[in-house]
file query.tsv (TSV, C-alpha atoms (C1' of nucleotides) and all ligand atoms)
chain	number	residue	atom	x	y	z
A	1	MET	CA	0.00	0.00	0.00
A	2	THR	CA	1.60	3.17	-1.21
A	3	SER	CA	0.93	6.18	0.96
A	4	LYS	CA	-0.71	9.37	-0.07
A	5	GLN	CA	2.41	11.22	1.04
A	6	GLU	CA	4.39	9.48	-1.67
A	7	PHE	CA	1.91	10.61	-4.28
A	8	ILE	CA	2.16	14.18	-3.04
A	9	GLU	CA	5.92	13.94	-3.23
A	10	LYS	CA	5.80	12.65	-6.79
A	11	LEU	CA	3.46	15.46	-7.75
A	12	ARG	CA	5.62	18.12	-6.10
A	13	ASN	CA	8.70	16.74	-7.79
A	14	SER	CA	6.85	17.08	-11.08
A	15	SER	CA	5.99	20.71	-10.28
A	16	LEU	CA	2.35	19.86	-9.83
A	17	ARG	CA	0.13	20.84	-6.90
A	18	PRO	CA	-1.46	17.90	-5.16
A	19	THR	CA	-5.10	18.19	-6.10
A	20	LYS	CA	-7.86	15.67	-5.55
A	21	GLN	CA	-7.87	14.75	-9.23
A	22	ARG	CA	-4.15	14.20	-9.40
A	23	ILE	CA	-4.11	12.09	-6.25
A	24	ASN	CA	-6.78	9.91	-7.81
A	25	ILE	CA	-4.63	9.51	-10.88
A	26	CYS	CA	-1.72	8.49	-8.64
A	27	GLU	CA	-3.88	5.93	-6.83
A	28	VAL	CA	-4.57	4.14	-10.08
A	29	LEU	CA	-1.07	4.54	-11.44
A	30	PHE	CA	1.16	3.80	-8.49
A	31	ASN	CA	-0.86	1.90	-5.90
A	32	ARG	CA	-0.06	-1.52	-7.35
A	33	ASP	CA	2.21	-4.48	-6.91
A	34	LYS	CA	3.03	-5.18	-10.50
A	35	THR	CA	4.03	-3.03	-13.40
A	36	PHE	CA	1.17	-1.34	-15.21
A	37	HIS	CA	1.01	-0.85	-18.96
A	38	PHE	CA	-1.70	1.47	-20.12
A	39	THR	CA	-3.08	3.88	-22.64
A	40	ILE	CA	-4.53	7.21	-21.56
A	41	ASN	CA	-7.95	5.80	-22.22
A	42	ASP	CA	-7.33	2.74	-20.03
A	43	LEU	CA	-6.25	5.03	-17.26
A	44	PHE	CA	-9.15	7.39	-17.69
A	45	ASN	CA	-11.68	4.56	-17.37
A	46	LEU	CA	-9.89	2.95	-14.44
A	47	ILE	CA	-9.93	6.19	-12.49
A	48	ILE	CA	-13.68	6.38	-12.73
A	49	ASP	CA	-14.00	2.66	-11.88
A	50	LYS	CA	-11.63	2.61	-8.95
A	51	THR	CA	-12.15	5.98	-7.31
A	52	GLY	CA	-15.74	6.59	-8.28
A	53	GLU	CA	-14.84	10.17	-9.07
A	54	LYS	CA	-14.75	11.88	-12.42
A	55	VAL	CA	-11.65	13.50	-13.83
A	56	SER	CA	-11.43	15.33	-17.10
A	57	LEU	CA	-9.49	13.72	-19.90
A	58	ALA	CA	-7.36	16.84	-20.24
A	59	THR	CA	-6.18	16.49	-16.65
A	60	VAL	CA	-5.23	12.88	-17.26
A	61	TYR	CA	-3.23	13.82	-20.33
A	62	ASN	CA	-1.50	16.70	-18.57
A	63	THR	CA	-0.61	14.70	-15.49
A	64	VAL	CA	0.67	11.71	-17.42
A	65	HIS	CA	2.86	13.95	-19.51
A	66	ALA	CA	4.28	15.68	-16.46
A	67	PHE	CA	5.11	12.32	-14.88
A	68	HIS	CA	6.62	11.12	-18.13
A	69	LYS	CA	8.78	14.22	-18.41
A	70	LYS	CA	9.94	13.78	-14.83
A	71	GLY	CA	10.72	10.12	-15.39
A	72	TYR	CA	7.96	8.56	-13.29
A	73	LEU	CA	6.46	7.00	-16.39
A	74	LYS	CA	7.95	5.49	-19.49
A	75	GLU	CA	6.59	5.62	-23.01
A	76	ILE	CA	6.70	2.31	-24.86
A	77	PRO	CA	7.58	2.45	-28.53
A	78	ILE	CA	5.00	0.45	-30.45
A	79	ASN	CA	2.83	1.31	-33.38
A	80	SER	CA	-0.67	1.58	-32.18
A	81	ASN	CA	-3.39	4.11	-32.58
A	82	GLN	CA	-2.89	4.95	-28.92
A	83	THR	CA	0.30	5.67	-26.98
A	84	TYR	CA	1.30	3.15	-24.34
A	85	PHE	CA	2.88	4.07	-21.02
A	86	ASP	CA	4.54	1.99	-18.33
A	87	THR	CA	4.93	2.49	-14.59
A	88	ASN	CA	8.09	0.39	-14.69
A	89	VAL	CA	10.73	3.01	-15.42
A	90	THR	CA	13.69	0.69	-14.99
A	91	ASP	CA	15.63	-0.48	-18.01
A	92	HIS	CA	13.65	-3.35	-19.49
A	93	HIS	CA	12.07	-4.77	-22.60
A	94	HIS	CA	8.69	-5.95	-23.86
A	95	PHE	CA	6.62	-8.58	-25.49
A	96	PHE	CA	3.72	-7.20	-27.43
A	97	ASP	CA	0.87	-9.60	-27.92
A	98	VAL	CA	-0.42	-8.33	-31.22
A	99	LYS	CA	-3.77	-10.07	-30.99
A	100	GLU	CA	-4.58	-9.06	-27.41
A	101	GLU	CA	-2.86	-5.68	-27.82
A	102	LYS	CA	-1.14	-6.24	-24.50
A	103	LEU	CA	2.37	-5.51	-23.28
A	104	ILE	CA	4.36	-7.87	-21.06
A	105	ASP	CA	7.63	-7.00	-19.35
A	106	ILE	CA	10.88	-8.77	-20.11
A	107	LYS	CA	13.47	-8.21	-17.45
A	108	ASN	CA	16.79	-6.89	-18.60
A	109	GLU	CA	18.58	-10.03	-17.43
A	110	ASP	CA	16.23	-12.16	-19.53
A	111	VAL	CA	17.66	-10.60	-22.65
A	112	GLY	CA	21.31	-10.15	-21.76
A	113	PRO	CA	23.56	-7.30	-22.76
A	114	ILE	CA	22.90	-5.86	-26.18
A	115	GLU	CA	26.05	-4.75	-27.91
A	116	ILE	CA	25.57	-2.21	-30.62
A	117	GLN	CA	28.57	-2.50	-32.96
A	118	LYS	CA	27.82	0.71	-34.74
A	119	SER	CA	27.90	4.34	-33.77
A	120	ILE	CA	26.84	7.63	-35.28
A	121	PRO	CA	29.35	10.47	-35.02
A	122	GLY	CA	28.20	13.27	-32.73
A	123	LYS	CA	25.40	11.20	-31.26
A	124	LYS	CA	25.21	9.15	-28.11
A	125	ILE	CA	22.92	6.38	-27.09
A	126	LYS	CA	19.97	7.43	-25.00
A	127	SER	CA	18.18	4.10	-24.70
A	128	VAL	CA	18.15	0.58	-26.11
A	129	GLU	CA	14.82	-1.17	-26.19
A	130	VAL	CA	13.79	-4.55	-27.52
A	131	LEU	CA	10.27	-5.20	-28.70
A	132	VAL	CA	9.28	-8.82	-29.24
A	133	LYS	CA	6.05	-9.25	-31.12
A	134	LEU	CA	4.01	-12.34	-30.27
A	135	GLU	CA	1.52	-14.28	-32.32
A	136	ASP	CA	-0.47	-17.42	-31.67
B	1	MET	CA	17.70	0.83	-61.99
B	2	THR	CA	14.72	-1.28	-61.13
B	3	SER	CA	12.50	-2.14	-64.06
B	4	LYS	CA	8.87	-1.34	-64.45
B	5	GLN	CA	8.18	-5.04	-64.83
B	6	GLU	CA	9.32	-5.61	-61.29
B	7	PHE	CA	6.93	-2.97	-60.04
B	8	ILE	CA	4.09	-4.61	-61.92
B	9	GLU	CA	5.04	-7.95	-60.42
B	10	LYS	CA	5.07	-6.50	-56.92
B	11	LEU	CA	1.67	-4.95	-57.52
B	12	ARG	CA	0.20	-8.17	-58.91
B	13	ASN	CA	1.58	-10.11	-55.98
B	14	SER	CA	-0.19	-7.66	-53.72
B	15	SER	CA	-3.47	-8.18	-55.59
B	16	LEU	CA	-3.30	-4.71	-57.06
B	17	ARG	CA	-3.73	-3.75	-60.68
B	18	PRO	CA	-0.79	-1.86	-62.12
B	19	THR	CA	-2.12	1.65	-62.58
B	20	LYS	CA	-0.17	4.79	-63.43
B	21	GLN	CA	-0.51	6.05	-59.88
B	22	ARG	CA	0.71	2.85	-58.32
B	23	ILE	CA	3.66	2.60	-60.66
B	24	ASN	CA	4.63	6.12	-59.64
B	25	ILE	CA	4.46	5.10	-56.01
B	26	CYS	CA	6.71	2.14	-56.81
B	27	GLU	CA	9.20	4.39	-58.57
B	28	VAL	CA	9.68	6.44	-55.45
B	29	LEU	CA	9.60	3.48	-53.10
B	30	PHE	CA	11.70	0.87	-54.85
B	31	ASN	CA	13.86	2.59	-57.43
B	32	ARG	CA	16.73	3.28	-55.01
B	33	ASP	CA	20.08	1.97	-53.93
B	34	LYS	CA	19.73	2.39	-50.20
B	35	THR	CA	17.01	1.60	-47.74
B	36	PHE	CA	14.29	4.20	-47.48
B	37	HIS	CA	12.59	5.18	-44.24
B	38	PHE	CA	9.51	7.28	-44.68
B	39	THR	CA	6.18	8.49	-43.43
B	40	ILE	CA	3.15	8.55	-45.70
B	41	ASN	CA	3.53	12.29	-45.93
B	42	ASP	CA	7.18	12.05	-46.97
B	43	LEU	CA	6.19	9.63	-49.68
B	44	PHE	CA	3.26	11.70	-50.86
B	45	ASN	CA	5.45	14.77	-51.32
B	46	LEU	CA	8.26	12.83	-53.00
B	47	ILE	CA	5.89	11.38	-55.55
B	48	ILE	CA	4.87	14.83	-56.67
B	49	ASP	CA	8.50	16.00	-56.67
B	50	LYS	CA	9.99	13.05	-58.51
B	51	THR	CA	7.29	12.10	-60.99
B	52	GLY	CA	5.66	15.47	-61.48
B	53	GLU	CA	2.30	13.77	-61.31
B	54	LYS	CA	-0.34	14.07	-58.66
B	55	VAL	CA	-1.65	11.14	-56.67
B	56	SER	CA	-4.35	11.25	-54.08
B	57	LEU	CA	-3.37	10.70	-50.48
B	58	ALA	CA	-5.91	7.88	-50.19
B	59	THR	CA	-4.19	5.95	-52.96
B	60	VAL	CA	-0.85	6.33	-51.22
B	61	TYR	CA	-2.29	5.03	-47.96
B	62	ASN	CA	-4.02	2.12	-49.67
B	63	THR	CA	-1.00	1.08	-51.69
B	64	VAL	CA	1.41	1.32	-48.79
B	65	HIS	CA	-0.89	-0.80	-46.66
B	66	ALA	CA	-1.19	-3.43	-49.36
B	67	PHE	CA	2.60	-3.60	-49.72
B	68	HIS	CA	2.95	-3.77	-45.97
B	69	LYS	CA	0.48	-6.60	-45.73
B	70	LYS	CA	2.27	-8.49	-48.48
B	71	GLY	CA	5.64	-7.95	-46.81
B	72	TYR	CA	7.18	-5.52	-49.29
B	73	LEU	CA	7.29	-2.84	-46.61
B	74	LYS	CA	8.02	-2.95	-42.93
B	75	GLU	CA	6.47	-0.82	-40.24
B	76	ILE	CA	8.95	0.56	-37.72
B	77	PRO	CA	7.78	0.67	-34.11
B	78	ILE	CA	8.44	4.15	-32.74
B	79	ASN	CA	6.21	6.62	-31.03
B	80	SER	CA	5.66	9.47	-33.37
B	81	ASN	CA	2.63	11.35	-34.56
B	82	GLN	CA	3.18	9.66	-37.91
B	83	THR	CA	3.82	6.00	-38.76
B	84	TYR	CA	7.21	5.14	-40.21
B	85	PHE	CA	7.76	2.53	-42.92
B	86	ASP	CA	10.88	0.92	-44.30
B	87	THR	CA	11.73	-0.56	-47.69
B	88	ASN	CA	14.29	-2.81	-46.02
B	89	VAL	CA	12.21	-5.82	-45.09
B	90	THR	CA	15.11	-7.96	-43.95
B	91	ASP	CA	15.61	-8.62	-40.26
B	92	HIS	CA	17.36	-5.54	-38.88
B	93	HIS	CA	17.29	-2.87	-36.21
B	94	HIS	CA	17.27	0.91	-35.93
B	95	PHE	CA	18.73	4.01	-34.49
B	96	PHE	CA	16.22	6.78	-34.05
B	97	ASP	CA	17.69	10.24	-33.95
B	98	VAL	CA	15.16	11.91	-31.72
B	99	LYS	CA	16.15	15.46	-32.61
B	100	GLU	CA	16.23	14.97	-36.38
B	101	GLU	CA	13.34	12.48	-36.28
B	102	LYS	CA	15.32	10.20	-38.58
B	103	LEU	CA	15.76	6.44	-38.70
B	104	ILE	CA	19.08	4.74	-39.44
B	105	ASP	CA	19.50	1.03	-40.12
B	106	ILE	CA	21.54	-1.23	-37.90
B	107	LYS	CA	22.44	-4.47	-39.60
B	108	ASN	CA	21.54	-7.63	-37.77
B	109	GLU	CA	25.19	-8.62	-37.45
B	110	ASP	CA	25.96	-5.29	-35.78
B	111	VAL	CA	23.79	-6.28	-32.87
B	112	GLY	CA	24.41	-9.99	-32.57
B	113	PRO	CA	21.93	-12.65	-31.61
B	114	ILE	CA	19.32	-11.59	-29.11
B	115	GLU	CA	18.37	-14.39	-26.77
B	116	ILE	CA	15.02	-14.00	-25.14
B	117	GLN	CA	15.13	-16.10	-21.94
B	118	LYS	CA	11.43	-15.91	-21.39
B	119	SER	CA	8.44	-17.31	-23.18
B	120	ILE	CA	4.69	-16.92	-23.03
B	121	PRO	CA	2.68	-20.16	-23.16
B	122	GLY	CA	0.64	-20.50	-26.32
B	123	LYS	CA	2.46	-17.69	-28.07
B	124	LYS	CA	5.37	-17.71	-30.44
B	125	ILE	CA	7.80	-15.02	-31.42
B	126	LYS	CA	6.92	-13.15	-34.57
B	127	SER	CA	9.71	-10.58	-34.56
B	128	VAL	CA	12.45	-9.16	-32.38
B	129	GLU	CA	13.37	-5.55	-32.97
B	130	VAL	CA	15.82	-3.26	-31.24
B	131	LEU	CA	15.30	0.47	-31.19
B	132	VAL	CA	18.24	2.60	-30.12
B	133	LYS	CA	17.35	6.18	-29.40
B	134	LEU	CA	20.07	8.75	-30.08
B	135	GLU	CA	20.67	12.15	-28.55
B	136	ASP	CA	23.39	14.76	-29.05
C	1	DA	C1'	-9.48	36.85	4.52
C	2	DT	C1'	-7.29	38.22	0.39
C	3	DC	C1'	-4.42	38.02	-3.49
C	4	DT	C1'	-1.91	35.54	-6.70
C	5	DT	C1'	-0.91	31.67	-9.19
C	6	DC	C1'	-2.04	27.28	-10.72
C	7	DT	C1'	-5.69	23.90	-11.99
C	8	DT	C1'	-9.85	21.82	-13.84
C	9	DT	C1'	-12.93	21.33	-17.29
C	10	DA	C1'	-16.03	21.45	-21.33
C	11	DG	C1'	-15.63	22.17	-25.55
C	12	DA	C1'	-13.14	23.56	-29.71
C	13	DA	C1'	-9.14	22.80	-32.66
C	14	DT	C1'	-5.69	19.87	-34.89
C	15	DA	C1'	-3.94	16.27	-37.50
C	16	DA	C1'	-3.22	11.40	-38.95
C	17	DT	C1'	-5.76	7.97	-40.75
C	18	DT	C1'	-9.84	5.64	-42.67
C	19	DA	C1'	-14.30	5.49	-44.98
C	20	DT	C1'	-17.58	6.85	-48.79
C	21	DA	C1'	-19.33	6.88	-53.13
C	22	DA	C1'	-19.26	8.69	-57.77
C	23	DA	C1'	-16.45	9.04	-61.94
C	24	DC	C1'	-12.97	6.36	-64.24
C	25	DA	C1'	-9.69	2.67	-65.85
C	26	DA	C1'	-8.03	-2.16	-66.39
C	27	DC	C1'	-9.30	-6.71	-67.80
C	28	DG	C1'	-11.04	-10.52	-70.16
C	29	DA	C1'	-14.58	-12.65	-72.88
C	30	DA	C1'	-16.95	-12.45	-76.97
D	1	DT	C1'	-12.26	-3.99	-80.81
D	2	DT	C1'	-16.16	-3.65	-77.96
D	3	DC	C1'	-18.65	-4.54	-73.84
D	4	DG	C1'	-19.49	-5.78	-69.36
D	5	DT	C1'	-17.43	-6.57	-65.06
D	6	DT	C1'	-14.64	-5.62	-61.56
D	7	DG	C1'	-11.23	-2.94	-59.41
D	8	DT	C1'	-9.35	2.03	-58.82
D	9	DT	C1'	-8.92	7.01	-58.07
D	10	DT	C1'	-10.23	10.93	-55.97
D	11	DA	C1'	-12.46	14.66	-53.46
D	12	DT	C1'	-14.46	14.94	-49.51
D	13	DA	C1'	-16.40	13.53	-45.18
D	14	DA	C1'	-15.83	10.84	-40.95
D	15	DT	C1'	-13.20	9.18	-37.20
D	16	DT	C1'	-10.18	9.42	-33.45
D	17	DA	C1'	-6.18	10.46	-30.47
D	18	DT	C1'	-4.23	14.33	-28.78
D	19	DT	C1'	-3.67	19.27	-27.78
D	20	DC	C1'	-5.47	23.88	-27.05
D	21	DT	C1'	-8.46	27.52	-24.98
D	22	DA	C1'	-10.47	30.25	-21.79
D	23	DA	C1'	-13.52	30.68	-17.97
D	24	DA	C1'	-14.59	29.11	-13.32
D	25	DG	C1'	-12.54	27.06	-9.31
D	26	DA	C1'	-8.94	25.60	-5.86
D	27	DA	C1'	-4.34	25.93	-3.58
D	28	DG	C1'	-0.74	28.49	-1.31
D	29	DA	C1'	1.33	32.49	0.65
D	30	DT	C1'	0.96	36.52	3.57
E	1	MN	MN	4.94	12.39	-23.74
E	2	MN	MN	-0.31	-1.17	-41.77
E	3	ZN	ZN	7.13	-2.47	-19.07
E	4	ZN	ZN	15.32	0.06	-41.67

call {"tool": "encode", "arguments": {"input": "query.tsv", "output": "structure tokens"}}
result
Amino acid sequence: MTSKQEFIEKLRNSSLRPTKQRINICEVLFNRDKTFHFTINDLFNLIIDKTGEKVSLATVYNTVHAFHKKGYLKEIPINSNQTYFDTNVTDHHHFFDVKEEKLIDIKNEDVGPIEIQKSIPGKKIKSVEVLVKLED
Amino acid sequence: MTSKQEFIEKLRNSSLRPTKQRINICEVLFNRDKTFHFTINDLFNLIIDKTGEKVSLATVYNTVHAFHKKGYLKEIPINSNQTYFDTNVTDHHHFFDVKEEKLIDIKNEDVGPIEIQKSIPGKKIKSVEVLVKLED
DNA sequence: ATCTTCTTTAGAATAATTATAAACAACGAA
DNA sequence: TTCGTTGTTTATAATTATTCTAAAGAAGAT
């Protein structure tokens, strides 16, 4: 059980005032055991389901982007009509079940070090992510 | 120099009749030495530039999707407001220069075998792709 | 309590993609 | 070739995720 104080801290660190709406967003995002992969729309519906309170879609978008910018959320690179985010901000990789449209974590140690034997002058590596598409 | 007959063959294989518009699309897509990474909008503008003839956006979308379905084009998984495609349909990976919004190929042998030490029951691996984000 | 600054929200705007349906072109049989 | 059929192009509308706007409301400081 994550405490409300932690949510307030996360919000403050993201330069956001701790409002009722934003705390509700945090409840759904961070009060969990396992990693959470979601689209904005998933999140929006879950907030209503879990907290019983309404939040505007704009607030969800704004808050998610602030958390993403601060590093409390990760954006997962897949082609979909909606953007996927992840509460697991550690270095890791993903399965994407194409049929179910669902993401599954792959721990870094389950892939092993990835050595990129090529470099681009003047550029440095920001991230290395593996996406494994799954089919039946 | 790729021949027009090859374009016609590609179109037929994709269950498309070889029309003037589609041949023009093929000219821009396949008449090249190096791999070509593009968005639909890139392609649309290049067709007008290179062939001097107009094509409707809908035709570009439809033709690209048919080629993609047939396997003549690859879709590159990155989060962008536009979808990126690739004429290199071999197994390979990418740098993505975030600032320039440009994709660069990484040959398979420049990454080495990627061993996924995890599996999902009832699912098999369809593809494994590495995306390396670059910054200055 | 009051003032200032930030926030929420409904609704409008934007932009990529997809759908529609009428005019048009490719094809194959006669 | 001509004709009939089937597939195609295109302008335009529809859809949909995301962002913007501006007015009303809440938080924080003094
Ligand atoms: Mn973002
Ligand atoms: Mn596609
Ligand atoms: Zn994850
Ligand atoms: Zn490529």

call {"tool": "atom_distance", "arguments": {"input": "query.tsv", "atom1": "atom CA of A:Phe38", "atom2": "atom CA of A:Tyr84"}}
result
5.4 Å

call {"tool": "calpha_fit_and_write", "arguments": {"input": "query.tsv", "fixed": "chain A", "moving": "chain B", "output": "short mmCIF file (atom, residue, chain, number, x, y, z; two decimals) with C-alpha atoms, in the coordinates of the input"}}
result
data_model
loop_
_atom_site.label_atom_id
_atom_site.label_comp_id
_atom_site.auth_asym_id
_atom_site.auth_seq_id
_atom_site.Cartn_x
_atom_site.Cartn_y
_atom_site.Cartn_z
CA MET B 1 0.05 0.04 -0.02
CA THR B 2 1.66 3.20 -1.23
CA SER B 3 1.00 6.23 0.94
CA LYS B 4 -0.62 9.43 -0.10
CA GLN B 5 2.50 11.27 0.99
CA GLU B 6 4.46 9.52 -1.71
CA PHE B 7 1.96 10.63 -4.31
CA ILE B 8 2.24 14.20 -3.10
CA GLU B 9 6.01 13.95 -3.29
CA LYS B 10 5.87 12.63 -6.84
CA LEU B 11 3.54 15.45 -7.80
CA ARG B 12 5.72 18.11 -6.18
CA ASN B 13 8.77 16.70 -7.89
CA SER B 14 6.92 17.05 -11.16
CA SER B 15 6.09 20.69 -10.39
CA LEU B 16 2.44 19.85 -9.90
CA ARG B 17 0.25 20.85 -7.00
CA PRO B 18 -1.36 17.93 -5.23
CA THR B 19 -5.02 18.22 -6.15
CA LYS B 20 -7.78 15.69 -5.56
CA GLN B 21 -7.81 14.76 -9.23
CA ARG B 22 -4.10 14.21 -9.42
CA ILE B 23 -4.04 12.13 -6.26
CA ASN B 24 -6.73 9.94 -7.79
CA ILE B 25 -4.61 9.51 -10.88
CA CYS B 26 -1.69 8.51 -8.65
CA GLU B 27 -3.83 5.98 -6.83
CA VAL B 28 -4.56 4.16 -10.04
CA LEU B 29 -1.07 4.54 -11.43
CA PHE B 30 1.17 3.81 -8.48
CA ASN B 31 -0.83 1.94 -5.88
CA ARG B 32 -0.05 -1.51 -7.32
CA ASP B 33 2.21 -4.47 -6.87
CA LYS B 34 3.01 -5.19 -10.49
CA THR B 35 4.00 -3.05 -13.40
CA PHE B 36 1.14 -1.38 -15.20
CA HIS B 37 0.98 -0.90 -18.95
CA PHE B 38 -1.74 1.43 -20.10
CA THR B 39 -3.12 3.83 -22.64
CA ILE B 40 -4.57 7.16 -21.58
CA ASN B 41 -8.00 5.75 -22.22
CA ASP B 42 -7.37 2.71 -20.02
CA LEU B 43 -6.27 5.01 -17.25
CA PHE B 44 -9.18 7.39 -17.67
CA ASN B 45 -11.70 4.56 -17.34
CA LEU B 46 -9.90 2.96 -14.39
CA ILE B 47 -9.92 6.20 -12.47
CA ILE B 48 -13.68 6.39 -12.68
CA ASP B 49 -14.00 2.69 -11.80
CA LYS B 50 -11.60 2.65 -8.88
CA THR B 51 -12.12 6.03 -7.25
CA GLY B 52 -15.72 6.65 -8.22
CA GLU B 53 -14.80 10.21 -9.02
CA LYS B 54 -14.73 11.91 -12.37
CA VAL B 55 -11.64 13.51 -13.84
CA SER B 56 -11.43 15.33 -17.10
CA LEU B 57 -9.51 13.71 -19.91
CA ALA B 58 -7.35 16.82 -20.27
CA THR B 59 -6.15 16.49 -16.69
CA VAL B 60 -5.22 12.87 -17.28
CA TYR B 61 -3.23 13.79 -20.38
CA ASN B 62 -1.49 16.67 -18.63
CA THR B 63 -0.59 14.69 -15.54
CA VAL B 64 0.67 11.68 -17.45
CA HIS B 65 2.85 13.92 -19.59
CA ALA B 66 4.30 15.64 -16.55
CA PHE B 67 5.12 12.28 -14.94
CA HIS B 68 6.61 11.09 -18.19
CA LYS B 69 8.78 14.16 -18.48
CA LYS B 70 9.96 13.74 -14.90
CA GLY B 71 10.73 10.06 -15.46
CA TYR B 72 7.98 8.52 -13.34
CA LEU B 73 6.44 6.97 -16.44
CA LYS B 74 7.94 5.42 -19.52
CA GLU B 75 6.57 5.56 -23.02
CA ILE B 76 6.66 2.24 -24.86
CA PRO B 77 7.54 2.41 -28.56
CA ILE B 78 4.94 0.42 -30.49
CA ASN B 79 2.78 1.32 -33.41
CA SER B 80 -0.74 1.55 -32.21
CA ASN B 81 -3.49 4.08 -32.60
CA GLN B 82 -2.96 4.90 -28.94
CA THR B 83 0.25 5.61 -27.00
CA TYR B 84 1.26 3.09 -24.36
CA PHE B 85 2.85 4.03 -21.04
CA ASP B 86 4.51 1.97 -18.35
CA THR B 87 4.91 2.46 -14.60
CA ASN B 88 8.07 0.36 -14.70
CA VAL B 89 10.71 2.95 -15.44
CA THR B 90 13.66 0.63 -14.98
CA ASP B 91 15.62 -0.54 -18.00
CA HIS B 92 13.62 -3.41 -19.48
CA HIS B 93 12.05 -4.80 -22.63
CA HIS B 94 8.67 -5.97 -23.87
CA PHE B 95 6.61 -8.60 -25.51
CA PHE B 96 3.70 -7.22 -27.45
CA ASP B 97 0.86 -9.63 -27.96
CA VAL B 98 -0.45 -8.34 -31.25
CA LYS B 99 -3.80 -10.10 -31.04
CA GLU B 100 -4.61 -9.10 -27.46
CA GLU B 101 -2.89 -5.72 -27.85
CA LYS B 102 -1.16 -6.30 -24.52
CA LEU B 103 2.35 -5.55 -23.29
CA ILE B 104 4.35 -7.93 -21.09
CA ASP B 105 7.61 -7.04 -19.37
CA ILE B 106 10.86 -8.79 -20.14
CA LYS B 107 13.45 -8.24 -17.45
CA ASN B 108 16.78 -6.91 -18.59
CA GLU B 109 18.55 -10.06 -17.43
CA ASP B 110 16.22 -12.18 -19.57
CA VAL B 111 17.66 -10.59 -22.66
CA GLY B 112 21.30 -10.13 -21.77
CA PRO B 113 23.55 -7.28 -22.76
CA ILE B 114 22.87 -5.81 -26.15
CA GLU B 115 26.04 -4.67 -27.86
CA ILE B 116 25.53 -2.09 -30.54
CA GLN B 117 28.56 -2.35 -32.86
CA LYS B 118 27.81 0.87 -34.62
CA SER B 119 27.87 4.48 -33.60
CA ILE B 120 26.78 7.79 -35.06
CA PRO B 121 29.30 10.64 -34.75
CA GLY B 122 28.12 13.40 -32.45
CA LYS B 123 25.33 11.31 -31.00
CA LYS B 124 25.15 9.21 -27.89
CA ILE B 125 22.85 6.41 -26.91
CA LYS B 126 19.89 7.44 -24.82
CA SER B 127 18.12 4.09 -24.59
CA VAL B 128 18.11 0.61 -26.05
CA GLU B 129 14.79 -1.17 -26.15
CA VAL B 130 13.78 -4.54 -27.52
CA LEU B 131 10.26 -5.19 -28.71
CA VAL B 132 9.28 -8.80 -29.28
CA LYS B 133 6.05 -9.22 -31.15
CA LEU B 134 4.03 -12.33 -30.32
CA GLU B 135 1.54 -14.27 -32.40
CA ASP B 136 -0.46 -17.44 -31.74
#

call {"tool": "closest_atom_pairs", "arguments": {"input": "query.tsv", "of": "chain C", "to": "chain A", "cutoff": "8 Å", "atoms": "all atoms listed in the file", "output": "CSV"}}
result
residue,atom,partner,partner_atom,distance
C:DC6,C1',A:Arg17,CA,7.8
C:DT8,C1',A:Thr59,CA,7.1
C:DT9,C1',A:Ser56,CA,6.2

call {"tool": "residues_near_ligand", "arguments": {"input": "query.tsv", "ligand": "ligand ZN 3 (chain E)", "cutoff": "12 Å", "atoms": "all atoms listed in the file", "output": "MDAnalysis selection string"}}
result
chainID A and resid 34:38 73:78 84:96 102:108 129:131

call {"tool": "interface_residues", "arguments": {"input": "query.tsv", "of": "chain B", "to": "chain A", "cutoff": "8 Å", "atoms": "all atoms listed in the file", "output": "MDAnalysis selection string"}}
result
chainID B and resid 76:79 83 106 110:112 114:118 122:136

call {"tool": "write_last_selection", "arguments": {"input": "query.tsv", "atoms": "C-alpha atoms", "output": "short mmCIF file (atom, residue, chain, number, x, y, z; two decimals), in the frame of the given file"}}
result
data_model
loop_
_atom_site.label_atom_id
_atom_site.label_comp_id
_atom_site.auth_asym_id
_atom_site.auth_seq_id
_atom_site.Cartn_x
_atom_site.Cartn_y
_atom_site.Cartn_z
CA ILE B 76 8.95 0.56 -37.72
CA PRO B 77 7.78 0.67 -34.11
CA ILE B 78 8.44 4.15 -32.74
CA ASN B 79 6.21 6.62 -31.03
CA THR B 83 3.82 6.00 -38.76
CA ILE B 106 21.54 -1.23 -37.90
CA ASP B 110 25.96 -5.29 -35.78
CA VAL B 111 23.79 -6.28 -32.87
CA GLY B 112 24.41 -9.99 -32.57
CA ILE B 114 19.32 -11.59 -29.11
CA GLU B 115 18.37 -14.39 -26.77
CA ILE B 116 15.02 -14.00 -25.14
CA GLN B 117 15.13 -16.10 -21.94
CA LYS B 118 11.43 -15.91 -21.39
CA GLY B 122 0.64 -20.50 -26.32
CA LYS B 123 2.46 -17.69 -28.07
CA LYS B 124 5.37 -17.71 -30.44
CA ILE B 125 7.80 -15.02 -31.42
CA LYS B 126 6.92 -13.15 -34.57
CA SER B 127 9.71 -10.58 -34.56
CA VAL B 128 12.45 -9.16 -32.38
CA GLU B 129 13.37 -5.55 -32.97
CA VAL B 130 15.82 -3.26 -31.24
CA LEU B 131 15.30 0.47 -31.19
CA VAL B 132 18.24 2.60 -30.12
CA LYS B 133 17.35 6.18 -29.40
CA LEU B 134 20.07 8.75 -30.08
CA GLU B 135 20.67 12.15 -28.55
CA ASP B 136 23.39 14.76 -29.05
#

call {"tool": "atom_distance", "arguments": {"input": "query.tsv", "atom1": "atom C1' of D:DA14", "atom2": "atom C1' of C:DT20"}}
result
9.0 Å

call {"tool": "interface_residues", "arguments": {"input": "query.tsv", "of": "chain D", "to": "chain A", "cutoff": "9 Å", "atoms": "all atoms listed in the file", "output": "list in words"}}
result
DT16, DA17, DT18, DT19, DA26 and DA27 of chain D

call {"tool": "residues_near_ligand", "arguments": {"input": "query.tsv", "ligand": "ligand MN 2 (chain E)", "cutoff": "7 Å", "atoms": "only C-alpha atoms (C1' of nucleotides) and all ligand atoms", "output": "PyMOL selection string"}}
result
chain B and resi 65+68-69+75
